[in-house]
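Student: Next up, run.pdb (PDB, C-alpha atoms).
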ATOM      1  CA  MET A   1      18.791  -9.139  -5.502
ATOM      2  CA  SER A   2      17.789  -9.163  -1.820
ATOM      3  CA  ASN A   3      19.444 -11.821   0.306
ATOM      4  CA  PRO A   4      17.352 -14.710   1.704
ATOM      5  CA  LYS A   5      17.896 -13.632   5.324
ATOM      6  CA  THR A   6      16.490 -10.156   4.645
ATOM      7  CA  ARG A   7      13.523 -11.707   2.815
ATOM      8  CA  LYS A   8      12.897 -14.071   5.748
ATOM      9  CA  ASN A   9      13.052 -11.181   8.243
ATOM     10  CA  GLY A  10      10.641  -9.219   6.072
ATOM     11  CA  ALA A  11       8.171 -12.103   6.128
ATOM     12  CA  VAL A  12       8.447 -12.400   9.925
ATOM     13  CA  ILE A  13       7.800  -8.662  10.298
ATOM     14  CA  GLU A  14       4.734  -8.797   8.030
ATOM     15  CA  LYS A  15       3.338 -11.731  10.012
ATOM     16  CA  LEU A  16       3.908  -9.934  13.299
ATOM     17  CA  LEU A  17       2.337  -6.735  11.919
ATOM     18  CA  ASP A  18      -0.800  -8.721  11.041
ATOM     19  CA  GLU A  19      -0.846 -10.297  14.487
ATOM     20  CA  ALA A  20      -0.431  -6.944  16.252
ATOM     21  CA  SER A  21      -3.272  -5.515  14.166
ATOM     22  CA  TRP A  22      -5.560  -8.425  15.061
ATOM     23  CA  LEU A  23      -4.738  -8.107  18.770
ATOM     24  CA  VAL A  24      -5.394  -4.347  18.794
ATOM     25  CA  SER A  25      -8.742  -4.774  17.016
ATOM     26  CA  HIS A  26      -9.703  -7.645  19.327
ATOM     27  CA  ALA A  27      -8.814  -5.592  22.415
ATOM     28  CA  GLN A  28     -10.951  -2.733  21.066
ATOM     29  CA  ALA A  29     -13.873  -5.104  20.578
ATOM     30  CA  LEU A  30     -13.568  -6.569  24.081
ATOM     31  CA  GLU A  31     -13.416  -3.030  25.474
ATOM     32  CA  ASP A  32     -16.533  -2.067  23.469
ATOM     33  CA  TYR A  33     -18.351  -5.016  25.027
ATOM     34  CA  GLY A  34     -17.106  -4.018  28.498
ATOM     35  CA  ARG A  35     -15.447  -7.429  28.943
ATOM     36  CA  LYS A  36     -12.885  -7.780  31.708
ATOM     37  CA  GLU A  37     -10.592  -9.782  29.374
ATOM     38  CA  ALA A  38      -9.919  -6.521  27.508
ATOM     39  CA  ASP A  39      -7.034  -5.566  29.818
ATOM     40  CA  ALA A  40      -5.151  -8.803  29.184
ATOM     41  CA  GLU A  41      -5.656  -8.377  25.439
ATOM     42  CA  TRP A  42      -4.401  -4.767  25.552
ATOM     43  CA  LEU A  43      -1.255  -6.055  27.285
ATOM     44  CA  ARG A  44      -0.745  -8.727  24.635
ATOM     45  CA  ALA A  45      -1.306  -6.146  21.892
ATOM     46  CA  GLY A  46       1.173  -3.758  23.550
ATOM     47  CA  GLU A  47       3.826  -6.467  23.761
ATOM     48  CA  CYS A  48       3.337  -7.476  20.135
ATOM     49  CA  GLU A  49       3.494  -3.830  18.979
ATOM     50  CA  GLU A  50       6.686  -3.329  21.011
ATOM     51  CA  GLU A  51       8.294  -6.367  19.392
ATOM     52  CA  VAL A  52       7.267  -5.331  15.906
ATOM     53  CA  ALA A  53       8.592  -1.783  16.474
ATOM     54  CA  CYS A  54      11.961  -3.251  17.443
ATOM     55  CA  LEU A  55      12.099  -5.432  14.317
ATOM     56  CA  LEU A  56      11.022  -2.571  12.053
ATOM     57  CA  GLU A  57      13.769  -0.394  13.478
ATOM     58  CA  GLY A  58      16.315  -3.152  12.851
ATOM     59  CA  ALA A  59      15.106  -3.371   9.255
ATOM     60  CA  GLY A  60      15.613   0.372   8.784
ATOM     61  CA  ARG A  61      11.862   1.108   8.674
ATOM     62  CA  VAL A  62      12.291   3.679  11.418
ATOM     63  CA  GLU A  63       9.205   5.820  10.739
ATOM     64  CA  GLU A  64       6.923   2.787  10.883
ATOM     65  CA  ALA A  65       8.737   1.699  14.042
ATOM     66  CA  ALA A  66       7.795   5.028  15.649
ATOM     67  CA  VAL A  67       4.104   4.517  14.774
ATOM     68  CA  HIS A  68       4.100   1.035  16.336
ATOM     69  CA  ARG A  69       5.999   2.222  19.402
ATOM     70  CA  VAL A  70       3.317   4.882  19.972
ATOM     71  CA  SER A  71       0.690   2.193  19.462
ATOM     72  CA  SER A  72       2.421  -0.052  21.993
ATOM     73  CA  ALA A  73       2.631   2.796  24.516
ATOM     74  CA  SER A  74      -1.075   3.549  23.957
ATOM     75  CA  CYS A  75      -1.971  -0.091  24.692
ATOM     76  CA  PHE A  76       0.033  -0.077  27.947
ATOM     77  CA  GLU A  77      -1.405   3.301  28.926
ATOM     78  CA  LYS A  78      -4.906   1.872  28.576
ATOM     79  CA  VAL A  79      -4.283  -0.736  31.274
ATOM     80  CA  GLY A  80      -2.441   1.612  33.616
ATOM     81  CA  ALA A  81       1.077   0.313  32.855
ATOM     82  CA  PHE A  82       2.287   3.921  32.884
ATOM     83  CA  ALA A  83       5.997   3.331  33.543
ATOM     84  CA  ARG A  84       6.210   1.008  30.542
ATOM     85  CA  ALA A  85       4.215   3.421  28.375
ATOM     86  CA  ALA A  86       6.480   6.303  29.433
ATOM     87  CA  THR A  87       9.602   4.359  28.447
ATOM     88  CA  LEU A  88       8.149   3.737  24.989
ATOM     89  CA  PHE A  89       7.042   7.353  24.516
ATOM     90  CA  GLN A  90      10.521   8.456  25.574
ATOM     91  CA  ALA A  91      12.115   6.079  23.050
ATOM     92  CA  THR A  92       9.837   7.436  20.315
ATOM     93  CA  LEU A  93      10.805  11.015  21.115
ATOM     94  CA  SER A  94      14.525  10.269  21.204
ATOM     95  CA  ALA A  95      14.386   8.867  17.653
ATOM     96  CA  ASN A  96      13.504  12.418  16.589
ATOM     97  CA  LEU A  97      11.349  11.342  13.646
ATOM     98  CA  LEU A  98       7.992  12.743  14.577
ATOM     99  CA  SER A  99       6.227  15.678  12.998
ATOM    100  CA  LYS A 100       5.915  18.775  15.206
ATOM    101  CA  ARG A 101       2.236  18.090  15.884
ATOM    102  CA  LEU A 102       2.781  14.445  16.846
ATOM    103  CA  ARG A 103       5.861  15.304  18.879
ATOM    104  CA  THR A 104       3.873  17.793  20.987
ATOM    105  CA  GLU A 105       1.154  15.203  21.500
ATOM    106  CA  VAL A 106       3.610  12.471  22.521
ATOM    107  CA  GLU A 107       5.378  14.893  24.912
ATOM    108  CA  GLN A 108       2.065  15.680  26.616
ATOM    109  CA  ARG A 109       1.203  12.011  26.938
ATOM    110  CA  LEU A 110       4.666  11.255  28.315
ATOM    111  CA  GLU A 111       4.158  13.940  30.993
ATOM    112  CA  ARG A 112       0.819  12.378  31.884
ATOM    113  CA  CYS A 113       2.348   8.893  32.120
ATOM    114  CA  TRP A 114       5.161  10.157  34.359
ATOM    115  CA  SER A 115       2.639  11.810  36.629
ATOM    116  CA  HIS A 116       0.505   8.640  36.869
ATOM    117  CA  ALA A 117       3.589   6.445  37.307
ATOM    118  CA  ASN A 118       4.772   8.702  40.163
ATOM    119  CA  LYS A 119       1.435   8.494  41.909
ATOM    120  CA  SER A 120       1.180   4.731  41.671
ATOM    121  CA  SER A 121       4.809   4.229  42.772
ATOM    122  CA  ARG A 122       4.220   6.448  45.815
ATOM    123  CA  LYS A 123       1.119   4.461  46.686
ATOM    124  CA  ASN A 124       2.972   1.145  46.286
ATOM    125  CA  PHE A 125       5.892   2.405  48.367
ATOM    126  CA  VAL A 126       3.662   3.550  51.242
ATOM    127  CA  GLY A 127       1.729   0.308  51.121
ATOM    128  CA  ARG A 128       4.849  -1.907  51.083
ATOM    129  CA  LYS A 129       5.831  -3.419  54.439
ATOM    130  CA  LYS A 130       9.430  -3.037  55.592
ATOM    131  CA  PRO A 131      11.212  -6.360  56.100
ATOM    132  CA  THR A 132      11.482  -7.154  59.801
ATOM    133  CA  SER A 133      15.042  -7.128  61.133
ATOM    134  CA  VAL A 134      16.378 -10.331  62.590
TER     135      VAL A 134
ATOM    136  CA  MET B   1     -25.546   3.593 -12.112
ATOM    137  CA  PRO B   2     -23.972   0.138 -11.475
ATOM    138  CA  THR B   3     -25.166  -1.822  -8.456
ATOM    139  CA  PHE B   4     -23.017  -4.275  -6.516
ATOM    140  CA  ALA B   5     -24.528  -6.807  -4.126
ATOM    141  CA  TRP B   6     -22.355  -7.956  -1.247
ATOM    142  CA  SER B   7     -22.764  -9.699   2.058
ATOM    143  CA  ILE B   8     -21.319  -7.860   5.066
ATOM    144  CA  GLU B   9     -20.084 -11.106   6.672
ATOM    145  CA  GLU B  10     -17.548 -11.474   3.841
ATOM    146  CA  ILE B  11     -15.201  -9.007   5.528
ATOM    147  CA  ILE B  12     -14.483 -11.484   8.335
ATOM    148  CA  THR B  13     -12.544 -13.744   5.977
ATOM    149  CA  ALA B  14     -11.390 -10.929   3.672
ATOM    150  CA  HIS B  15      -9.466  -9.200   6.466
ATOM    151  CA  PRO B  16      -7.863 -11.895   8.655
ATOM    152  CA  GLU B  17      -5.534  -9.239  10.121
ATOM    153  CA  LEU B  18      -8.480  -7.602  11.890
ATOM    154  CA  PHE B  19     -11.086  -8.861  14.348
ATOM    155  CA  MET B  20     -14.243  -7.766  12.527
ATOM    156  CA  GLU B  21     -17.124  -9.778  14.030
ATOM    157  CA  HIS B  22     -18.321  -7.015  16.331
ATOM    158  CA  SER B  23     -18.049  -4.333  13.613
ATOM    159  CA  VAL B  24     -20.198  -6.514  11.352
ATOM    160  CA  ALA B  25     -22.906  -6.786  14.025
ATOM    161  CA  MET B  26     -22.746  -3.034  14.640
ATOM    162  CA  ALA B  27     -23.158  -2.327  10.914
ATOM    163  CA  VAL B  28     -26.218  -4.573  10.780
ATOM    164  CA  ALA B  29     -27.637  -2.876  13.881
ATOM    165  CA  LEU B  30     -27.762   0.352  11.860
ATOM    166  CA  MET B  31     -28.555  -1.062   8.412
ATOM    167  CA  LYS B  32     -31.556  -3.096   9.529
ATOM    168  CA  LYS B  33     -33.631   0.042   9.983
ATOM    169  CA  HIS B  34     -33.412   0.469   6.173
ATOM    170  CA  GLY B  35     -34.512  -3.015   5.159
ATOM    171  CA  ARG B  36     -35.308  -6.509   6.375
ATOM    172  CA  SER B  37     -32.199  -8.208   5.039
ATOM    173  CA  SER B  38     -30.299  -5.638   2.992
ATOM    174  CA  CYS B  39     -29.546  -1.949   2.800
ATOM    175  CA  GLU B  40     -28.703   0.017  -0.342
ATOM    176  CA  PHE B  41     -26.060   2.740  -0.171
ATOM    177  CA  GLU B  42     -25.348   5.374  -2.762
ATOM    178  CA  VAL B  43     -21.535   5.461  -2.987
ATOM    179  CA  GLU B  44     -19.734   8.540  -4.281
ATOM    180  CA  CYS B  45     -16.063   8.158  -5.181
ATOM    181  CA  SER B  46     -13.401  10.755  -5.852
ATOM    182  CA  GLY B  47      -9.656  10.813  -6.331
ATOM    183  CA  GLU B  48      -7.157   9.357  -8.762
ATOM    184  CA  ALA B  49      -6.783   5.956  -7.094
ATOM    185  CA  LEU B  50     -10.524   5.318  -7.393
ATOM    186  CA  SER B  51     -10.955   6.492 -10.981
ATOM    187  CA  ALA B  52     -11.165   2.916 -12.310
ATOM    188  CA  ILE B  53     -14.175   2.284 -10.083
ATOM    189  CA  GLY B  54     -16.148   5.262 -11.411
ATOM    190  CA  ASN B  55     -17.704   8.291  -9.763
ATOM    191  CA  GLU B  56     -20.692   6.591  -8.260
ATOM    192  CA  PHE B  57     -22.371   3.252  -7.773
ATOM    193  CA  ARG B  58     -24.868   1.560  -5.520
ATOM    194  CA  ALA B  59     -23.858  -1.023  -2.929
ATOM    195  CA  ARG B  60     -26.565  -3.387  -1.739
ATOM    196  CA  VAL B  61     -25.271  -4.849   1.503
ATOM    197  CA  SER B  62     -27.023  -7.890   2.945
ATOM    198  CA  TRP B  63     -26.636  -9.925   6.159
ATOM    199  CA  ASN B  64     -27.690 -13.264   7.580
ATOM    200  CA  GLU B  65     -30.042 -14.129  10.449
ATOM    201  CA  LEU B  66     -27.269 -14.994  12.889
ATOM    202  CA  THR B  67     -25.660 -11.577  12.451
ATOM    203  CA  GLU B  68     -29.054  -9.968  12.835
ATOM    204  CA  SER B  69     -29.609 -11.631  16.202
ATOM    205  CA  LYS B  70     -26.188 -10.378  17.355
ATOM    206  CA  ALA B  71     -27.123  -6.904  16.106
ATOM    207  CA  ASP B  72     -30.329  -6.930  18.164
ATOM    208  CA  ARG B  73     -28.337  -7.705  21.311
ATOM    209  CA  MET B  74     -25.874  -4.977  20.406
ATOM    210  CA  ILE B  75     -28.569  -2.299  20.104
ATOM    211  CA  ARG B  76     -29.772  -3.118  23.623
ATOM    212  CA  THR B  77     -26.342  -2.948  25.229
ATOM    213  CA  GLU B  78     -24.125  -0.526  23.320
ATOM    214  CA  GLN B  79     -23.979   3.249  23.171
ATOM    215  CA  ARG B  80     -24.931   4.858  19.867
ATOM    216  CA  LYS B  81     -21.653   6.594  18.996
ATOM    217  CA  PRO B  82     -19.345   3.532  19.112
ATOM    218  CA  ILE B  83     -21.931   1.622  17.055
ATOM    219  CA  VAL B  84     -21.899   4.230  14.279
ATOM    220  CA  GLU B  85     -18.092   4.430  14.183
ATOM    221  CA  ARG B  86     -17.544   0.656  14.168
ATOM    222  CA  ALA B  87     -20.301   0.173  11.587
ATOM    223  CA  ALA B  88     -18.495   2.636   9.318
ATOM    224  CA  VAL B  89     -15.274   0.609   9.733
ATOM    225  CA  ALA B  90     -17.129  -2.542   8.613
ATOM    226  CA  LEU B  91     -18.428  -0.843   5.461
ATOM    227  CA  ALA B  92     -15.033   0.668   4.668
ATOM    228  CA  ALA B  93     -13.472  -2.798   5.032
ATOM    229  CA  LEU B  94     -16.127  -4.172   2.666
ATOM    230  CA  LEU B  95     -15.397  -1.552  -0.023
ATOM    231  CA  PHE B  96     -11.666  -2.277   0.060
ATOM    232  CA  ALA B  97     -12.160  -6.053   0.146
ATOM    233  CA  LYS B  98     -14.461  -5.984  -2.864
ATOM    234  CA  LEU B  99     -13.048  -3.255  -5.087
ATOM    235  CA  ILE B 100      -9.321  -3.021  -4.315
ATOM    236  CA  PRO B 101      -7.862  -6.520  -4.716
ATOM    237  CA  ASP B 102      -5.175  -7.859  -2.356
ATOM    238  CA  CYS B 103      -5.387  -4.885  -0.067
ATOM    239  CA  ARG B 104      -4.613  -5.599   3.572
ATOM    240  CA  LEU B 105      -6.039  -3.347   6.256
ATOM    241  CA  ARG B 106      -4.189  -2.916   9.538
ATOM    242  CA  VAL B 107      -4.932  -1.008  12.706
ATOM    243  CA  THR B 108      -2.701   0.644  15.300
ATOM    244  CA  GLN B 109      -3.726   2.320  18.523
ATOM    245  CA  HIS B 110      -3.135   6.050  18.911
ATOM    246  CA  GLY B 111      -4.233   7.294  22.316
ATOM    247  CA  ASP B 112      -7.905   6.426  22.514
ATOM    248  CA  LYS B 113      -8.355   6.260  18.787
ATOM    249  CA  ALA B 114      -7.659   3.660  16.112
ATOM    250  CA  ASP B 115      -5.486   4.482  13.100
ATOM    251  CA  PHE B 116      -6.012   2.404   9.963
ATOM    252  CA  TRP B 117      -3.333   1.642   7.391
ATOM    253  CA  LEU B 118      -3.298   0.096   3.910
ATOM    254  CA  PRO B 119       0.312  -1.119   3.766
ATOM    255  CA  ASP B 120       0.085  -2.548   0.236
ATOM    256  CA  LEU B 121      -0.963   0.840  -1.118
ATOM    257  CA  HIS B 122       1.226   2.877   1.256
ATOM    258  CA  CYS B 123      -1.853   4.790   2.339
ATOM    259  CA  ALA B 124      -3.475   5.774   5.619
ATOM    260  CA  LEU B 125      -7.227   5.431   6.046
ATOM    261  CA  GLU B 126      -9.649   7.603   8.015
ATOM    262  CA  VAL B 127     -13.111   6.226   8.627
ATOM    263  CA  SER B 128     -16.073   8.011  10.115
ATOM    264  CA  GLY B 129     -19.786   7.454  10.522
ATOM    265  CA  THR B 130     -22.812   9.643  11.040
ATOM    266  CA  GLU B 131     -26.576   9.196  11.128
ATOM    267  CA  HIS B 132     -27.273  12.686   9.785
ATOM    268  CA  GLY B 133     -26.952  13.600   6.115
ATOM    269  CA  LYS B 134     -26.210  17.221   6.937
ATOM    270  CA  ASP B 135     -22.934  16.212   8.666
ATOM    271  CA  LEU B 136     -21.510  14.392   5.648
ATOM    272  CA  GLN B 137     -19.692  17.219   3.834
ATOM    273  CA  ARG B 138     -18.098  18.686   6.936
ATOM    274  CA  ARG B 139     -17.030  15.241   8.127
ATOM    275  CA  CYS B 140     -15.389  14.500   4.741
ATOM    276  CA  HIS B 141     -13.504  17.786   4.904
ATOM    277  CA  ASP B 142     -12.251  17.189   8.466
ATOM    278  CA  LYS B 143     -11.206  13.607   7.756
ATOM    279  CA  ARG B 144      -9.304  14.625   4.639
ATOM    280  CA  ALA B 145      -7.144  16.971   6.718
ATOM    281  CA  GLN B 146      -6.676  14.261   9.353
ATOM    282  CA  VAL B 147      -5.658  11.519   6.946
ATOM    283  CA  LEU B 148      -3.045  13.678   5.248
ATOM    284  CA  ALA B 149      -1.553  14.525   8.639
ATOM    285  CA  ASN B 150      -0.697  10.833   9.205
ATOM    286  CA  PRO B 151       2.721  10.335  10.848
ATOM    287  CA  LEU B 152       4.152   8.342   7.913
ATOM    288  CA  GLY B 153       3.379  11.113   5.421
ATOM    289  CA  TRP B 154       1.557   8.578   3.225
ATOM    290  CA  ASN B 155      -1.304   9.438   0.878
ATOM    291  CA  GLY B 156      -4.707   8.659   2.274
ATOM    292  CA  PHE B 157      -8.218   7.366   1.784
ATOM    293  CA  VAL B 158     -11.298   8.676   3.557
ATOM    294  CA  VAL B 159     -14.525   6.722   3.971
ATOM    295  CA  VAL B 160     -17.475   8.504   5.550
ATOM    296  CA  CYS B 161     -20.661   6.462   5.968
ATOM    297  CA  CYS B 162     -23.966   8.168   6.484
ATOM    298  CA  PHE B 163     -26.686   5.927   7.926
ATOM    299  CA  ASP B 164     -29.358   8.573   7.371
ATOM    300  CA  ARG B 165     -32.823   7.047   7.667
ATOM    301  CA  ARG B 166     -33.967   8.499   4.320
ATOM    302  CA  ARG B 167     -30.788   8.284   2.243
ATOM    303  CA  PRO B 168     -27.935   5.969   3.252
ATOM    304  CA  LYS B 169     -24.786   7.188   1.562
ATOM    305  CA  ILE B 170     -21.037   6.574   1.540
ATOM    306  CA  HIS B 171     -18.398   9.040   0.468
ATOM    307  CA  TRP B 172     -15.125   7.355  -0.510
ATOM    308  CA  SER B 173     -12.160   9.484  -1.525
ATOM    309  CA  HIS B 174      -8.442   9.296  -2.148
ATOM    310  CA  HIS B 175      -6.086  12.180  -1.376
ATOM    311  CA  ARG B 176      -2.476  12.773  -2.273
ATOM    312  CA  GLN B 177       0.020  14.605  -0.100
ATOM    313  CA  GLU B 178       0.869  17.069  -2.912
ATOM    314  CA  GLN B 179      -2.687  18.413  -2.826
ATOM    315  CA  THR B 180      -2.059  20.050   0.532
ATOM    316  CA  GLU B 181       1.018  21.872  -0.750
ATOM    317  CA  HIS B 182      -0.871  23.481  -3.632
ATOM    318  CA  GLU B 183      -4.082  24.359  -1.841
TER     319      GLU B 183
END
Go ahead and express the file in the form of structure tokens.
Tutor:
Amino acid sequence: MSNPKTRKNGAVIEKLLDEASWLVSHAQALEDYGRKEADAEWLRAGECEEEVACLLEGAGRVEEAAVHRVSSASCFEKVGAFARAATLFQATLSANLLSKRLRTEVEQRLERCWSHANKSSRKNFVGRKKPTSV
Amino acid sequence: MPTFAWSIEEIITAHPELFMEHSVAMAVALMKKHGRSSCEFEVECSGEALSAIGNEFRARVSWNELTESKADRMIRTEQRKPIVERAAVALAALLFAKLIPDCRLRVTQHGDKADFWLPDLHCALEVSGTEHGKDLQRRCHDKRAQVLANPLGWNGFVVVCCFDRRRPKIHWSHHRQEQTEHE
């Protein structure tokens, strides 16, 4: 018989999975309509997917966790949060659960995120003013 | 051949885990060229999990005036390809809501594409749409390979909707992972 705590965690995970799904589909719809709110919804979806991936991993559902981590990274990538996406892709790869085909794809997307993250960091660094000395 | 009559708006409440309003309007944008308030699809089914439903049936899908007005706006503003793909998702959601009881449908993002999952059945779902009857067979074949390559190694369903002006048709199939090992 499963213990009540495990059952409760399972229910929380299922609820969060439904919420993540709704947020992803809502972000897709806003993007289809060309609405500027789409970016904020992609961020919310990415955060929810990240949280659900963490809980799935804790519950031993590691393969599903990898799928949701890739989903989270994809949401962040869409809004240009490349450093965050790269961290999630890296975490997915280190779990070593992906098929060869998916692994190759995630590796390529990680490279792309690193490259974008580098570019935007360089731009931010050049644009940042040095503090004036007293 | 049995005929089922459903309203497309029913998927909004049937799948609370998905935001479906825009897919419903997109489906109506395509279906309204076949009829004033409903469109009849010939549905072909294959695969073990669908055997209880039968090999073929007709689905008469209707819509209300409010959805139709949204669909008219959609046609003016949206590109054709996203409309066809989202419309296919709406019809796939309708088939599952009506013929496979208690079956949740979830979506995850994978790059620029959406991956659909049926967690209660431990199955992945590939959905595709076309406006040309001649594309149907090839599309079914491609989607079958795609669904079985899902990262969880689950079995899969494929729904391909053809909004051909002369003969609207849906191909709905179920595929098991073992099939790929023997073929």
Student: Which residue is closest to Leu102 of chain A? Choose from A:Glu49, A:Gly10, A:Arg61, A:Ala66 and count only C-alpha atoms.
Tutor: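 Going through A:Glu49, A:Gly10, A:Arg61, A:Ala66 one by one, the smallest distance to Leu102 of chain A is for A:Ala66.
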Student: Find the residues in chain A near chain B: any atom within 6 Å counts, using all atoms listed in the file. Write them as a ChimeraX atom specification.
Tutor: /A:18,21-22,25-26,71,74
Student: Show which residues sit within 9 Å of segment 158-174 of chain B, as a PyMOL selection string. Count only C-alpha atoms, and ignore same-chain residues fewer than 6 positions away.
Tutor: chain B and resi 30-31+33-34+39-50+84-85+87-89+91-92+95+124-133+135-137+139-140+143-144+147
Student: Nearest residue to Asp72 of chain B out of B:Ser51, B:Phe96, B:Ala27, B:Cys103, using all atoms listed in the file?
Tutor: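 Of B:Ser51, B:Phe96, B:Ala27, B:Cys103, the one nearest Asp72 of chain B is B:Ala27, counting all atoms listed in the file.
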Student: What box, with edges along x, y and z, holds each listed atom of segment 83-102 of chain A when 4 Å is added on every side, and can you state its centre and edge lengths in Å to one decimal, as AutoDock Vina command-line options?
Tutor:
--center_x 8.4 --center_y 9.9 --center_z 23.3 --size_x 20.3 --size_y 25.8 --size_z 28.5
Student: With only C-alpha atoms as the basis for distance, which of B:His175, B:Lys134, B:Thr3, B:Gly156 is at the shortest distance from Arg58 of chain B?
Tutor: B:Thr3
Student: So the first atom is atom CA of Gly58 of chain A and the second is atom CA of Cys113 of chain A; what is the distance between them in Å, to one decimal place?
Tutor: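 For atom CA of Gly58 of chain A relative to atom CA of Cys113 of chain A, the distance reads 26.7 Å.
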Student: Which is closer to Glu14 of chain A than all the others in B:Glu178, B:Gly54, B:Asp120, B:Ala25, using all atoms listed in the file?
Tutor: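 For Glu14 of chain A, the nearest of the given residues is B:Asp120.
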Student: Residue by residue, what does the PyMOL selection byres ((chain A and resi 45) around 12) grab here? Present the result as a PyMOL selection string.
Tutor: (chain A and resi 16-28+38-44+46-52+68-69+71-79) or (chain B and resi 107-109)
Student: Quick one: pull the distance between atom CA of Glu63 of chain A and atom CA of Ala90 of chain B, Å, one decimal.
Tutor: 27.7 Å
Student: Please measure the separation of atom CA of Ser37 of chain B and atom CA of Asn64 of chain B, giving the value in Å to one decimal.
Tutor: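 The value is 7.2 Å.
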Student: Would you write out, as an mmCIF file with C-alpha atoms, keeping the file's coordinate frame, every residue that the PyMOL selection byres ((chain A and resi 87) around 12) captures in this file?
Tutor:
data_model
loop_
_atom_site.group_PDB
_atom_site.id
_atom_site.type_symbol
_atom_site.label_atom_id
_atom_site.label_comp_id
_atom_site.auth_asym_id
_atom_site.auth_seq_id
_atom_site.Cartn_x
_atom_site.Cartn_y
_atom_site.Cartn_z
ATOM 1 C CA GLU A 50 6.686 -3.329 21.011
ATOM 2 C CA ARG A 69 5.999 2.222 19.402
ATOM 3 C CA VAL A 70 3.317 4.882 19.972
ATOM 4 C CA SER A 72 2.421 -0.052 21.993
ATOM 5 C CA ALA A 73 2.631 2.796 24.516
ATOM 6 C CA SER A 74 -1.075 3.549 23.957
ATOM 7 C CA PHE A 76 0.033 -0.077 27.947
ATOM 8 C CA GLU A 77 -1.405 3.301 28.926
ATOM 9 C CA ALA A 81 1.077 0.313 32.855
ATOM 10 C CA PHE A 82 2.287 3.921 32.884
ATOM 11 C CA ALA A 83 5.997 3.331 33.543
ATOM 12 C CA ARG A 84 6.210 1.008 30.542
ATOM 13 C CA ALA A 85 4.215 3.421 28.375
ATOM 14 C CA ALA A 86 6.480 6.303 29.433
ATOM 15 C CA LEU A 88 8.149 3.737 24.989
ATOM 16 C CA PHE A 89 7.042 7.353 24.516
ATOM 17 C CA GLN A 90 10.521 8.456 25.574
ATOM 18 C CA ALA A 91 12.115 6.079 23.050
ATOM 19 C CA THR A 92 9.837 7.436 20.315
ATOM 20 C CA LEU A 93 10.805 11.015 21.115
ATOM 21 C CA SER A 94 14.525 10.269 21.204
ATOM 22 C CA VAL A 106 3.610 12.471 22.521
ATOM 23 C CA GLU A 107 5.378 14.893 24.912
ATOM 24 C CA ARG A 109 1.203 12.011 26.938
ATOM 25 C CA LEU A 110 4.666 11.255 28.315
ATOM 26 C CA GLU A 111 4.158 13.940 30.993
ATOM 27 C CA CYS A 113 2.348 8.893 32.120
ATOM 28 C CA TRP A 114 5.161 10.157 34.359
ATOM 29 C CA ALA A 117 3.589 6.445 37.307
#
